[in-house]
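Report on the structure given below.
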Amino acid sequence: MQRRFPLRDNIVLFFALFTIFSGCAVNRKVPPPSAEELKGINTSSNEMNRADDIAPSEDNSGLDNAQPLPPERDTNITEEALSAKELSIEDGVPIEDKKPLNLDDIYFEFDRSDLSISARKRLEEIAGWMESEQSVKLRIEGHADERGTSEYNLALGDRRANAVKKYLTALGIDGGRLKAISYGEEMPADLVQTESGWAKNRRVHFEQK
Amino acid sequence: MRIYILTYMIIFILASPLNADAKVYIDINAPSTRSYPIAIELSGNAAALPSVDSALREDLDFSGLFRLVSGKGETGDAAFWLSVGAEALIKAALTEQGEVLILEAYLYDIARGKTLLAKKYSGSSASPSSLAHRLANDIIEALSGERGIFETKIAFVSNADGNKEIYMMDFDGRNVRKVTANGSINLSPRWSPDGRELMFTSFKEGSAALFTKDLASYAERRLLKTPNMNMGGSWSPNGKKIVFTVSNDGDSDLFLADYGGKAMRRLTSGWGLDVSPVWSPSDNKIAYVSDNSGNPNIYIVAESGKNPTRLTFEGKYNTSPAWSPRGDQIAYSSLQKDGFRIYIMNSGGSETKQISFGPGNDEEPSWSPDGRFLAFSSTKDGKKSIYIVAIASGKSIKLGGTTGQDMSPAWSPFLHN
């Protein structure tokens, strides 16, 4: 918990520099977490790429047409400044721009909890949306496919849900707005007992509270 | 109190095998024993006679220890039974008094002309098989010196009603009944060492947490106060401590607590998922599953938390450790090319032996309290069902169970009646 603030400062510094050097005044997306933060979520680029390869098509479906955040949004500021700015821009944002983005499930490899590249993009969008919708709370449900024991799969679902929660908190979302819960293999999305069915069950599901 | 002790002593003396010099007719622990030839003569006018007779024969046959000798002119004459190869004779009479069945039974060593058992059993006419189970237990004990498993039960999980509830059945699959009915998700039943309680994992209060159920009062109790996910617990051999998994921010580790769920202390740490702990019946060690190495494997750790040691190195998914009742072996399931299979190894991790051969997935082994059988779940016939395999012979039978998917069998200890 104590780690979060210095890390966020690093992100802020990084993006301040990035903004200066790129000459781009507006960031439309929440910055991705730093390398140190990623270490805490146990990801590696190889695994993430593999996860991308096998993720069911639903995983990618929302990526291209995901609603961009309002152009006024500038996350390159501190939390206090953000909430102040939130108030000032609130009235100017057209309602259709505030609609929630894709909250479809994100998927995992067998016995893994690494976040794929597409999953991380989705979480960055979700984080951006949650920054603009401060009343939104998410319930993050971790699931596993039926192979292996119910106990191991409960632990695995918990690790998946928390990998997502950690990524969102690393992006600046208050952990109090996120509740991780594991259902293990107990609530399959697909009952087909082949890889295509199992792949759909190795997921994190979001419920807006 | 003194009267109770006295009563127990009298019952104990009456129930003991009559031969104080205790010749061992059957070595129950030998890897392969000769089938002991035995004859049964059951007489009487009670309507339940055929039920008791068939249940007794099924029990003795199930044990794998006997050859049931039959003869055409069953005269009750010891010389006749000797002539057709029997070495022992069970002679019993069944009578009915109202709702009560009375079975008066004798076991003779006909070669040596000795009475090994003389006992009167009474029970409700509603469950004639229970009389047969009690007699079969005493026959096993008189001939081998070890207790019989015919009154043991198997707790398991079934989704017969749409959601997973805990169920229970007799060791032979008879008398299936529901233990929980909370409409939630209920998993991982484990017996207390005295057979009076079940521990299980339930979502009935939201997220997964451990509960115990008293099997006499049916009262349920949440074990731990922690709001974190906690699950998959089991008892120490003396019932005074419990070991279980608690998750913290996605990391699942093993913890210990006293019987009441208090005085929690950490047993394992580190990034890996540590689940499915089971306490050795013979020393202060705990077997469990960890994916510290990258895949789930079986480990053991001292109760002090010292010396976590990896036992399995073959295959990518080894899980569900179960200690043999004497603590010298561990059964587990291991993912092979064509599905999960049941294996046994010694408690040091060597002498691995495959016990089940599919097809489908064979998972979650649980030992009979005499150490001669394993119960496990299998999809070999499509639907997940509970099977029992005799370890020495490899012979397996499918238990009746429910119409749903039956899984996670937990064989009871010897039960007091």
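Chain labels run A, B, ... following the order of the structure tokens; each chain numbers its residues from 1, and ligands are numbered from 1 in the order shown.
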(request) Restrict the distance test to only C-alpha atoms, flag each residue of chain A within 8 Å of chain B, and return the flagged residues as a ChimeraX atom specification. (result) /A:111,148-152,155-156,158-163,181-183,186
(message) Show me, as a PyMOL selection string, the residues that have an atom within 10 Å of Arg34 of chain B when counting only C-alpha atoms, minus same-chain residues fewer than 4 positions from it.
(response) chain B and resi 26-27+30+64-67
(message) What's the separation between atom CA of Leu154 of chain A and atom CA of Arg203 of chain A, in Å to one decimal place?
(response)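 Computing the Euclidean distance for atom CA of Leu154 of chain A and atom CA of Arg203 of chain A yields 12.5 Å.
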